[in-house]
Amino acid sequence: MSVLHWSSPIRKCGEKILSPIPNEIYFEIFHHVKSRVPSLRLHPFVKRDLWNMALACRFFCSVALPLVFERLVFVGHRNEASASQNHASFCRSILKRDATAIMMAQNVKSCAFSSWYLSEREEDMEWIFRELFSIYSKGVGFMTNIREISLFLTPVTKELIKTLTDLPHLESLSLTACLPSKDVTNKHLRKLQSLSLKSFSVSQMKHLEDDWWLEFYHQINFQPIVDITTSSWMLCRSLAETDGTLGLEKFDIYIVEDLTVLGLILSKSPSLKVFQNTTYKKSNGFLTLDKIALPHLQHLKAPIAILNTLVPGRPISTIEFTPFEQLEQEQIKCLKFSSRPVTNLSLSATIFDWEDFDLWKQCPHITTLRILLDVIGISDTYMSGIELLSKLRRYPKQPLLHTFIVDPITNNLPRDLQLEHRWLADFVLPQFPALRQCQFGSGFEWFYCHIEAIWRPRVVPKLCEDVLKWARLNQQLDGVDYDGFLKRLLAASD
């Protein structure tokens with residue numbers, strides 16, 4: 001197999017050899033290039049720059065190419081913006097056993113399949129999609145260092161199942177709105193028993209789940225999995241039927257359809273540290289747990305009824321009340337019954353409307369506070385933010401708080417960095433003098449720079465693409481920019 005040979009670059013000025021630069025400095029340069037656009041994925045412009053750097057010398061090539069190939073996305077639908085990133089020639093070279101292509105394939109740690117279903121008017125393209133999907137599915141089988149695969153609107157085919165089970169280091173599998181191919185039988189599904197996943201995520205529409213999916217879940221070995229995120233109650237039923245102890249450390253289920261089944265899962269999960277649930281069906285079952293169950297539970301997000309059952313006597317330091325649920329003062333008292341001080345809290349802004357209620361008397365140790373601001377039906381979100389921040393002045397200063405977040409449930413607050421800086425200076429910092437991080441739900445976060453002793457903005461990584469799109473379309477950027485931040489961000493993405 002081909003390998004990339006390299007040595008440290010030799011610096012010259014004409015024929016004169018200059019003193020070498022430590023490799024650590026070069027690595028810092030690569031890190032800067034890779035992270036200059038703070039998105040969760042490698043931005044196309046960053047990938048372009050890394051390709052150009054790879055052409056400079058063997059050393060740069062050996063560092064840049066693994067970064068370029070670290071994550072691949074195979075997009076099927078021709079209308080998607082990212083469809084131009086076509087990896088067909090790369091996968092064909094792999095299947096032809098090209099040594100260089102196979103070497104590059106070893107750098108892939110994560111891959112995603114996205115949008116491989118056709119609309120009725122695109123049925124004439126079916127054979128192209130089928131062949132291209134087959135090339136990608138087989139090619140991924142040679143990327144033996146892959147740790148993570150995600151499937152979005154993608155058929156689960158025989159070839160894809162074989163590829164999944166052939167990857168020796170696969171740890172994470174995510175399925176979103178996927179459907180099985182008609183020719184996949186139980187014989188093919190039984191191959192899934194060889195998977196040894198640590199993370200499993202399933203987001204399926206309930207009406208699309210049938211007996212095929214039940215068999216799919218039955219073939220998954222749940223015991224080594226430490227992180228499950230799902231909206232599938234069928235998966236939860238399979239989880240509850242698993243014999244023995246589960247190794248779950250994080251469990252996120254959107255809707256609980258039967259509290260009794262939830263109790264079975266939780267009672268089998270002694271290592272659980274994080275449990276998150278948005279809603280549940282109140283008429284189905286009862287949640288009962290032994291007092292010694294969940295001895296390591298630290299982070300809990302759930303409706304009030306479930307909080308009241310799980311909080312007492314357990315070492316929970318992070319509690320999140322769910323959005324859209326009407327809170328009452330009596331229900332907040334459950335916070336006192338955790339066996340550890342609650343330091344991270346997320347709850348509705350309506351608590352600031354209660355007369356004679358002091359949140360910090362209930363939770364004196366809070367260091368991170370997230371306020372859920374309901375702006376549904378409110379046209380002036382700016383005034384909603386002002387009203388909330390003004391109410392903070394009713395309370396004494398809180399010297400322990402270091403993170404404060406305003407999180408609009410539906411609409412973002414105005415994207416205006418100058419306005420946010422005024423909010424920070426006029427309303428927030430006077431109440432929280434030790435604050436080091438702040439967000440106003442607009443796609444930006446503010447952090448305190450200790451070296452310069454000033455506050456600076458940065459983009460929330462998962463919203464980076466959205467912020468860039470907004471900034472490019474904004475004709476009056478100077479009126480909302482702060483210290484040239486948005487101009488520098490746009491320049492970095494060009």
# chains A, B, ... in the order shown; residues from 1 in each chain; ligands from 1
$ select_by_dssp --residues "range 31-240 of chain A" --states "strand (DSSP E)" --output "number ranges by chain"
A: 71-75, 110-114, 148-152, 155-156, 172-176, 179-180, 199-203, 227-230
$ residues_around --residues "range 420-436 of chain A" --least-positions-apart "3" --cutoff "10 Å" --atoms "only C-alpha atoms" --output "number ranges by chain"
A: 367-368, 385-386, 388-404, 413-417, 439-440, 442, 444-450, 455-457, 480, 482
$ residues_around --residues "range 346-361 of chain A" --least-positions-apart "6" --cutoff "10 Å" --atoms "only C-alpha atoms" --output "number ranges by chain"
A: 301, 318-329, 332, 368-374, 388-389, 391-392, 394-396, 398, 405-409
$ closest_residue --among "A:Lys206, A:Lys187, A:His31, A:Lys469" --to "Leu67 in chain A" --atoms "only C-alpha atoms"
A:His31
$ residues_around --residues "Gln193 in chain A" --least-positions-apart "6" --cutoff "8 Å" --atoms "only C-alpha atoms" --output "list in words"
Gln219, Ile220 and Asn221 of chain A
$ select_by_dssp --residues "range 237-327 of chain A" --states "alpha helix (DSSP H)" --output "short mmCIF file (atom, residue, chain, number, x, y, z; two decimals) with all heavy atoms, in the first residue's frame"
data_model
loop_
_atom_site.label_atom_id
_atom_site.label_comp_id
_atom_site.auth_asym_id
_atom_site.auth_seq_id
_atom_site.Cartn_x
_atom_site.Cartn_y
_atom_site.Cartn_z
N ARG A 237 -39.21 -0.30 23.22
CA ARG A 237 -39.77 -1.59 23.63
C ARG A 237 -38.73 -2.69 23.51
O ARG A 237 -38.63 -3.57 24.37
CB ARG A 237 -41.01 -1.91 22.79
CG ARG A 237 -42.19 -0.99 23.04
CD ARG A 237 -43.53 -1.68 22.84
NE ARG A 237 -43.56 -2.55 21.68
CZ ARG A 237 -43.99 -2.20 20.48
NH1 ARG A 237 -44.43 -0.97 20.28
NH2 ARG A 237 -44.01 -3.06 19.47
N SER A 238 -37.95 -2.66 22.42
CA SER A 238 -36.88 -3.65 22.26
C SER A 238 -35.83 -3.49 23.35
O SER A 238 -35.29 -4.48 23.85
CB SER A 238 -36.23 -3.50 20.87
OG SER A 238 -37.16 -3.75 19.84
N LEU A 239 -35.55 -2.26 23.71
CA LEU A 239 -34.57 -1.99 24.76
C LEU A 239 -35.05 -2.56 26.09
O LEU A 239 -34.27 -3.16 26.85
CB LEU A 239 -34.37 -0.48 24.86
CG LEU A 239 -33.14 0.06 25.57
CD1 LEU A 239 -31.87 -0.42 24.89
CD2 LEU A 239 -33.17 1.58 25.58
N ALA A 240 -36.34 -2.40 26.38
CA ALA A 240 -36.90 -2.90 27.64
C ALA A 240 -36.89 -4.43 27.70
O ALA A 240 -36.82 -5.02 28.78
CB ALA A 240 -38.32 -2.38 27.82
N LEU A 259 -45.07 4.83 30.68
CA LEU A 259 -44.16 5.06 31.80
C LEU A 259 -43.66 3.76 32.41
O LEU A 259 -42.54 3.70 32.95
CB LEU A 259 -44.85 5.91 32.86
CG LEU A 259 -45.10 7.38 32.50
CD1 LEU A 259 -45.95 8.06 33.56
CD2 LEU A 259 -43.77 8.12 32.33
N THR A 260 -44.46 2.70 32.33
CA THR A 260 -44.03 1.41 32.87
C THR A 260 -42.84 0.87 32.10
O THR A 260 -41.87 0.36 32.69
CB THR A 260 -45.19 0.40 32.84
OG1 THR A 260 -46.31 0.94 33.56
CG2 THR A 260 -44.77 -0.92 33.47
N VAL A 261 -42.90 0.98 30.78
CA VAL A 261 -41.78 0.54 29.94
C VAL A 261 -40.54 1.38 30.22
O VAL A 261 -39.42 0.86 30.31
CB VAL A 261 -42.15 0.62 28.44
CG1 VAL A 261 -40.94 0.32 27.56
CG2 VAL A 261 -43.28 -0.35 28.12
N LEU A 262 -40.72 2.70 30.39
CA LEU A 262 -39.60 3.56 30.74
C LEU A 262 -38.95 3.10 32.04
O LEU A 262 -37.72 3.05 32.16
CB LEU A 262 -40.05 5.00 30.87
CG LEU A 262 -38.99 5.99 31.36
CD1 LEU A 262 -37.83 6.07 30.37
CD2 LEU A 262 -39.60 7.37 31.60
N GLY A 263 -39.78 2.74 33.02
CA GLY A 263 -39.26 2.26 34.30
C GLY A 263 -38.40 1.01 34.13
O GLY A 263 -37.37 0.86 34.80
N LEU A 264 -38.81 0.10 33.25
CA LEU A 264 -38.04 -1.12 33.00
C LEU A 264 -36.65 -0.77 32.44
O LEU A 264 -35.64 -1.36 32.84
CB LEU A 264 -38.78 -2.03 32.02
CG LEU A 264 -40.03 -2.72 32.54
CD1 LEU A 264 -40.74 -3.46 31.41
CD2 LEU A 264 -39.67 -3.70 33.66
N ILE A 265 -36.62 0.19 31.49
CA ILE A 265 -35.34 0.58 30.89
C ILE A 265 -34.43 1.22 31.94
O ILE A 265 -33.25 0.87 32.05
CB ILE A 265 -35.57 1.56 29.72
CG1 ILE A 265 -36.37 0.88 28.60
CG2 ILE A 265 -34.24 2.07 29.17
CD1 ILE A 265 -36.82 1.82 27.51
N LEU A 266 -34.97 2.16 32.71
CA LEU A 266 -34.16 2.86 33.69
C LEU A 266 -33.65 1.92 34.79
O LEU A 266 -32.52 2.07 35.27
CB LEU A 266 -34.96 4.00 34.32
CG LEU A 266 -35.40 5.12 33.36
CD1 LEU A 266 -36.16 6.21 34.12
CD2 LEU A 266 -34.21 5.72 32.62
N SER A 267 -34.46 0.95 35.16
CA SER A 267 -34.04 0.03 36.22
C SER A 267 -32.90 -0.88 35.76
O SER A 267 -32.18 -1.45 36.60
CB SER A 267 -35.23 -0.82 36.68
OG SER A 267 -35.71 -1.63 35.61
N ILE A 304 -42.50 17.67 34.37
CA ILE A 304 -42.52 17.85 35.83
C ILE A 304 -42.82 16.54 36.57
O ILE A 304 -42.18 16.22 37.57
CB ILE A 304 -43.56 18.92 36.21
CG1 ILE A 304 -43.11 20.28 35.67
CG2 ILE A 304 -43.73 19.00 37.73
CD1 ILE A 304 -44.18 21.34 35.68
N ALA A 305 -43.79 15.76 36.06
CA ALA A 305 -44.16 14.53 36.76
C ALA A 305 -42.99 13.56 36.86
O ALA A 305 -42.80 12.88 37.88
CB ALA A 305 -45.33 13.87 36.04
N ILE A 306 -42.18 13.47 35.79
CA ILE A 306 -41.03 12.57 35.81
C ILE A 306 -39.91 13.15 36.68
O ILE A 306 -39.23 12.41 37.40
CB ILE A 306 -40.54 12.31 34.37
CG1 ILE A 306 -41.63 11.56 33.59
CG2 ILE A 306 -39.24 11.52 34.36
CD1 ILE A 306 -41.29 11.28 32.14
N LEU A 307 -39.75 14.47 36.65
CA LEU A 307 -38.76 15.11 37.53
C LEU A 307 -39.06 14.81 38.99
O LEU A 307 -38.15 14.49 39.77
CB LEU A 307 -38.77 16.63 37.31
CG LEU A 307 -38.12 17.18 36.03
CD1 LEU A 307 -38.37 18.68 35.94
CD2 LEU A 307 -36.64 16.89 36.00
N ASN A 308 -40.32 14.90 39.36
CA ASN A 308 -40.70 14.68 40.75
C ASN A 308 -40.40 13.25 41.21
O ASN A 308 -40.18 13.00 42.40
CB ASN A 308 -42.19 14.98 40.96
CG ASN A 308 -42.47 16.48 40.98
OD1 ASN A 308 -41.61 17.26 41.36
ND2 ASN A 308 -43.65 16.86 40.54
N THR A 309 -40.39 12.31 40.27
CA THR A 309 -40.07 10.93 40.60
C THR A 309 -38.58 10.68 40.67
O THR A 309 -38.09 9.95 41.54
CB THR A 309 -40.71 9.97 39.57
OG1 THR A 309 -42.12 10.16 39.55
CG2 THR A 309 -40.40 8.52 39.92
N LEU A 310 -37.83 11.29 39.75
CA LEU A 310 -36.41 10.94 39.61
C LEU A 310 -35.46 11.82 40.43
O LEU A 310 -34.37 11.38 40.77
CB LEU A 310 -36.01 11.02 38.13
CG LEU A 310 -36.69 10.05 37.17
CD1 LEU A 310 -36.12 10.20 35.77
CD2 LEU A 310 -36.54 8.61 37.65
#
$ residues_around --residues "Asn277 in chain A" --least-positions-apart "3" --cutoff "8 Å" --atoms "only C-alpha atoms" --output "list of chain:residue names"
A:Asp252, A:Ile253, A:Tyr254, A:Ile255, A:Val256, A:Tyr280, A:Lys301, A:Ala302, A:Pro303
$ closest_residue --among "A:Leu192, A:Val63, A:Ile21, A:Leu294" --to "Trp51 in chain A" --atoms "only C-alpha atoms"
A:Val63
$ residues_around --residues "Ser93 in chain A" --least-positions-apart "5" --cutoff "12 Å" --atoms "only C-alpha atoms" --output "PyMOL selection string"
chain A and resi 87-88+98-105+135-136+138-140+142
$ residues_around --residues "Asn145 in chain A" --least-positions-apart "5" --cutoff "12 Å" --atoms "only C-alpha atoms" --output "mmCIF file with all heavy atoms, in the first residue's frame"
data_model
loop_
_atom_site.group_PDB
_atom_site.id
_atom_site.type_symbol
_atom_site.label_atom_id
_atom_site.label_comp_id
_atom_site.auth_asym_id
_atom_site.auth_seq_id
_atom_site.Cartn_x
_atom_site.Cartn_y
_atom_site.Cartn_z
ATOM 1 N N PRO A 66 -5.306 14.143 5.414
ATOM 2 C CA PRO A 66 -6.151 13.485 6.420
ATOM 3 C C PRO A 66 -7.286 14.367 6.925
ATOM 4 O O PRO A 66 -8.373 13.875 7.238
ATOM 5 C CB PRO A 66 -5.160 13.153 7.549
ATOM 6 C CG PRO A 66 -3.855 13.003 6.857
ATOM 7 C CD PRO A 66 -3.874 14.034 5.770
ATOM 8 N N PHE A 69 -10.044 14.400 4.156
ATOM 9 C CA PHE A 69 -10.778 13.135 4.022
ATOM 10 C C PHE A 69 -11.390 12.651 5.331
ATOM 11 O O PHE A 69 -12.016 11.588 5.359
ATOM 12 C CB PHE A 69 -9.852 12.044 3.467
ATOM 13 C CG PHE A 69 -9.603 12.161 1.992
ATOM 14 C CD1 PHE A 69 -8.523 12.892 1.519
ATOM 15 C CD2 PHE A 69 -10.446 11.567 1.075
ATOM 16 C CE1 PHE A 69 -8.288 13.001 0.158
ATOM 17 C CE2 PHE A 69 -10.221 11.674 -0.285
ATOM 18 C CZ PHE A 69 -9.135 12.396 -0.753
ATOM 19 N N GLU A 70 -11.252 13.418 6.395
ATOM 20 C CA GLU A 70 -11.717 12.959 7.708
ATOM 21 C C GLU A 70 -13.219 12.674 7.719
ATOM 22 O O GLU A 70 -13.678 11.711 8.345
ATOM 23 C CB GLU A 70 -11.377 14.008 8.762
ATOM 24 C CG GLU A 70 -11.649 13.560 10.178
ATOM 25 C CD GLU A 70 -11.154 14.564 11.190
ATOM 26 O OE1 GLU A 70 -11.052 15.764 10.853
ATOM 27 O OE2 GLU A 70 -10.861 14.155 12.331
ATOM 28 N N ARG A 71 -14.006 13.496 7.018
ATOM 29 C CA ARG A 71 -15.458 13.284 6.943
ATOM 30 C C ARG A 71 -15.915 13.419 5.504
ATOM 31 O O ARG A 71 -15.601 14.406 4.835
ATOM 32 C CB ARG A 71 -16.204 14.299 7.816
ATOM 33 C CG ARG A 71 -17.723 14.198 7.683
ATOM 34 C CD ARG A 71 -18.434 15.199 8.569
ATOM 35 N NE ARG A 71 -19.854 15.256 8.299
ATOM 36 C CZ ARG A 71 -20.757 14.405 8.778
ATOM 37 N NH1 ARG A 71 -20.377 13.420 9.560
ATOM 38 N NH2 ARG A 71 -22.045 14.532 8.488
ATOM 39 N N ILE A 102 -7.004 3.833 -1.771
ATOM 40 C CA ILE A 102 -7.213 3.013 -0.574
ATOM 41 C C ILE A 102 -6.464 3.618 0.612
ATOM 42 O O ILE A 102 -6.953 3.601 1.752
ATOM 43 C CB ILE A 102 -6.756 1.564 -0.837
ATOM 44 C CG1 ILE A 102 -7.724 0.903 -1.828
ATOM 45 C CG2 ILE A 102 -6.697 0.768 0.456
ATOM 46 C CD1 ILE A 102 -7.357 -0.499 -2.212
ATOM 47 N N MET A 103 -5.279 4.183 0.345
ATOM 48 C CA MET A 103 -4.540 4.842 1.427
ATOM 49 C C MET A 103 -5.331 6.034 1.966
ATOM 50 O O MET A 103 -5.458 6.228 3.183
ATOM 51 C CB MET A 103 -3.179 5.306 0.924
ATOM 52 C CG MET A 103 -2.362 6.064 1.960
ATOM 53 S SD MET A 103 -0.885 6.798 1.265
ATOM 54 C CE MET A 103 -1.606 8.012 0.150
ATOM 55 N N MET A 104 -5.883 6.870 1.075
ATOM 56 C CA MET A 104 -6.678 8.015 1.498
ATOM 57 C C MET A 104 -7.934 7.571 2.245
ATOM 58 O O MET A 104 -8.410 8.241 3.165
ATOM 59 C CB MET A 104 -7.052 8.873 0.294
ATOM 60 C CG MET A 104 -5.905 9.658 -0.324
ATOM 61 S SD MET A 104 -5.247 10.915 0.805
ATOM 62 C CE MET A 104 -3.787 10.089 1.427
ATOM 63 N N ALA A 105 -8.483 6.423 1.841
ATOM 64 C CA ALA A 105 -9.699 5.911 2.484
ATOM 65 C C ALA A 105 -9.476 5.622 3.961
ATOM 66 O O ALA A 105 -10.420 5.677 4.761
ATOM 67 C CB ALA A 105 -10.188 4.654 1.772
ATOM 68 N N GLN A 106 -8.229 5.345 4.345
ATOM 69 C CA GLN A 106 -7.949 5.045 5.750
ATOM 70 C C GLN A 106 -8.042 6.285 6.636
ATOM 71 O O GLN A 106 -8.060 6.178 7.863
ATOM 72 C CB GLN A 106 -6.556 4.411 5.886
ATOM 73 C CG GLN A 106 -6.335 3.179 5.031
ATOM 74 C CD GLN A 106 -7.493 2.196 5.103
ATOM 75 O OE1 GLN A 106 -7.833 1.702 6.176
ATOM 76 N NE2 GLN A 106 -8.103 1.916 3.954
ATOM 77 N N ASN A 107 -8.075 7.469 6.008
ATOM 78 C CA ASN A 107 -8.184 8.706 6.782
ATOM 79 C C ASN A 107 -9.622 9.069 7.134
ATOM 80 O O ASN A 107 -9.860 9.970 7.940
ATOM 81 C CB ASN A 107 -7.558 9.867 6.002
ATOM 82 C CG ASN A 107 -6.057 9.729 5.848
ATOM 83 O OD1 ASN A 107 -5.355 9.544 6.828
ATOM 84 N ND2 ASN A 107 -5.570 9.801 4.618
ATOM 85 N N VAL A 108 -10.589 8.389 6.522
ATOM 86 C CA VAL A 108 -11.998 8.709 6.746
ATOM 87 C C VAL A 108 -12.422 8.173 8.111
ATOM 88 O O VAL A 108 -12.316 6.981 8.383
ATOM 89 C CB VAL A 108 -12.893 8.119 5.637
ATOM 90 C CG1 VAL A 108 -14.347 8.511 5.879
ATOM 91 C CG2 VAL A 108 -12.433 8.588 4.269
ATOM 92 N N LYS A 109 -12.878 9.071 8.969
ATOM 93 C CA LYS A 109 -13.352 8.683 10.312
ATOM 94 C C LYS A 109 -14.873 8.755 10.425
ATOM 95 O O LYS A 109 -15.459 8.124 11.296
ATOM 96 C CB LYS A 109 -12.738 9.609 11.371
ATOM 97 C CG LYS A 109 -11.217 9.636 11.389
ATOM 98 C CD LYS A 109 -10.634 8.285 11.734
ATOM 99 C CE LYS A 109 -9.126 8.374 12.003
ATOM 100 N NZ LYS A 109 -8.368 8.818 10.820
ATOM 101 N N SER A 110 -15.498 9.534 9.539
ATOM 102 C CA SER A 110 -16.941 9.741 9.628
ATOM 103 C C SER A 110 -17.506 9.905 8.221
ATOM 104 O O SER A 110 -16.878 10.540 7.373
ATOM 105 C CB SER A 110 -17.239 10.985 10.467
ATOM 106 O OG SER A 110 -18.598 11.345 10.384
ATOM 107 N N CYS A 111 -18.671 9.323 7.973
ATOM 108 C CA CYS A 111 -19.319 9.536 6.675
ATOM 109 C C CYS A 111 -20.830 9.593 6.849
ATOM 110 O O CYS A 111 -21.381 9.075 7.831
ATOM 111 C CB CYS A 111 -18.918 8.472 5.660
ATOM 112 S SG CYS A 111 -19.844 6.957 5.730
ATOM 113 N N VAL A 140 -17.367 2.579 0.868
ATOM 114 C CA VAL A 140 -17.247 2.830 2.310
ATOM 115 C C VAL A 140 -16.709 1.594 3.030
ATOM 116 O O VAL A 140 -16.011 1.712 4.047
ATOM 117 C CB VAL A 140 -18.613 3.256 2.890
ATOM 118 C CG1 VAL A 140 -18.596 3.236 4.408
ATOM 119 C CG2 VAL A 140 -18.981 4.649 2.390
ATOM 120 N N LEU A 164 -21.825 -1.934 6.805
ATOM 121 C CA LEU A 164 -21.835 -1.590 8.232
ATOM 122 C C LEU A 164 -21.164 -2.679 9.065
ATOM 123 O O LEU A 164 -20.377 -2.385 9.984
ATOM 124 C CB LEU A 164 -23.272 -1.386 8.717
ATOM 125 C CG LEU A 164 -24.041 -0.192 8.157
ATOM 126 C CD1 LEU A 164 -25.475 -0.199 8.668
ATOM 127 C CD2 LEU A 164 -23.366 1.124 8.515
ATOM 128 N N ASP A 166 -18.972 -4.832 8.103
ATOM 129 C CA ASP A 166 -17.571 -5.065 7.723
ATOM 130 C C ASP A 166 -16.617 -4.032 8.321
ATOM 131 O O ASP A 166 -15.396 -4.191 8.223
ATOM 132 C CB ASP A 166 -17.415 -5.046 6.194
ATOM 133 C CG ASP A 166 -17.932 -6.320 5.543
ATOM 134 O OD1 ASP A 166 -18.128 -7.306 6.278
ATOM 135 O OD2 ASP A 166 -18.145 -6.314 4.319
ATOM 136 N N LEU A 167 -17.153 -2.952 8.899
ATOM 137 C CA LEU A 167 -16.302 -1.890 9.429
ATOM 138 C C LEU A 167 -15.888 -2.233 10.864
ATOM 139 O O LEU A 167 -16.720 -2.200 11.777
ATOM 140 C CB LEU A 167 -17.040 -0.548 9.404
ATOM 141 C CG LEU A 167 -17.395 -0.018 8.011
ATOM 142 C CD1 LEU A 167 -18.281 1.211 8.108
ATOM 143 C CD2 LEU A 167 -16.129 0.290 7.203
ATOM 144 N N PRO A 168 -14.610 -2.546 11.091
ATOM 145 C CA PRO A 168 -14.192 -3.078 12.398
ATOM 146 C C PRO A 168 -14.219 -2.061 13.531
ATOM 147 O O PRO A 168 -14.276 -2.439 14.705
ATOM 148 C CB PRO A 168 -12.753 -3.556 12.142
ATOM 149 C CG PRO A 168 -12.262 -2.711 11.001
ATOM 150 C CD PRO A 168 -13.471 -2.474 10.139
ATOM 151 N N HIS A 169 -14.170 -0.763 13.202
ATOM 152 C CA HIS A 169 -14.094 0.257 14.252
ATOM 153 C C HIS A 169 -15.368 1.099 14.362
ATOM 154 O O HIS A 169 -15.372 2.123 15.055
ATOM 155 C CB HIS A 169 -12.908 1.180 13.992
ATOM 156 C CG HIS A 169 -11.591 0.465 13.918
ATOM 157 N ND1 HIS A 169 -11.034 -0.182 14.995
ATOM 158 C CD2 HIS A 169 -10.729 0.274 12.883
ATOM 159 C CE1 HIS A 169 -9.887 -0.724 14.639
ATOM 160 N NE2 HIS A 169 -9.672 -0.467 13.367
ATOM 161 N N LEU A 170 -16.448 0.674 13.709
ATOM 162 C CA LEU A 170 -17.682 1.451 13.745
ATOM 163 C C LEU A 170 -18.233 1.500 15.167
ATOM 164 O O LEU A 170 -18.481 0.475 15.790
ATOM 165 C CB LEU A 170 -18.724 0.843 12.799
ATOM 166 C CG LEU A 170 -20.035 1.621 12.674
ATOM 167 C CD1 LEU A 170 -19.794 2.986 12.053
ATOM 168 C CD2 LEU A 170 -21.056 0.838 11.849
ATOM 169 N N GLU A 171 -18.432 2.727 15.674
ATOM 170 C CA GLU A 171 -18.919 2.911 17.035
ATOM 171 C C GLU A 171 -20.252 3.641 17.090
ATOM 172 O O GLU A 171 -20.983 3.501 18.070
ATOM 173 C CB GLU A 171 -17.902 3.719 17.850
ATOM 174 C CG GLU A 171 -16.558 3.043 18.031
ATOM 175 C CD GLU A 171 -15.583 3.912 18.795
ATOM 176 O OE1 GLU A 171 -15.865 5.127 18.933
ATOM 177 O OE2 GLU A 171 -14.550 3.396 19.245
#
$ closest_residue --among "A:Ala492, A:Lys12, A:Gln437, A:Met143" --to "Ile454 in chain A" --atoms "only C-alpha atoms"
A:Gln437
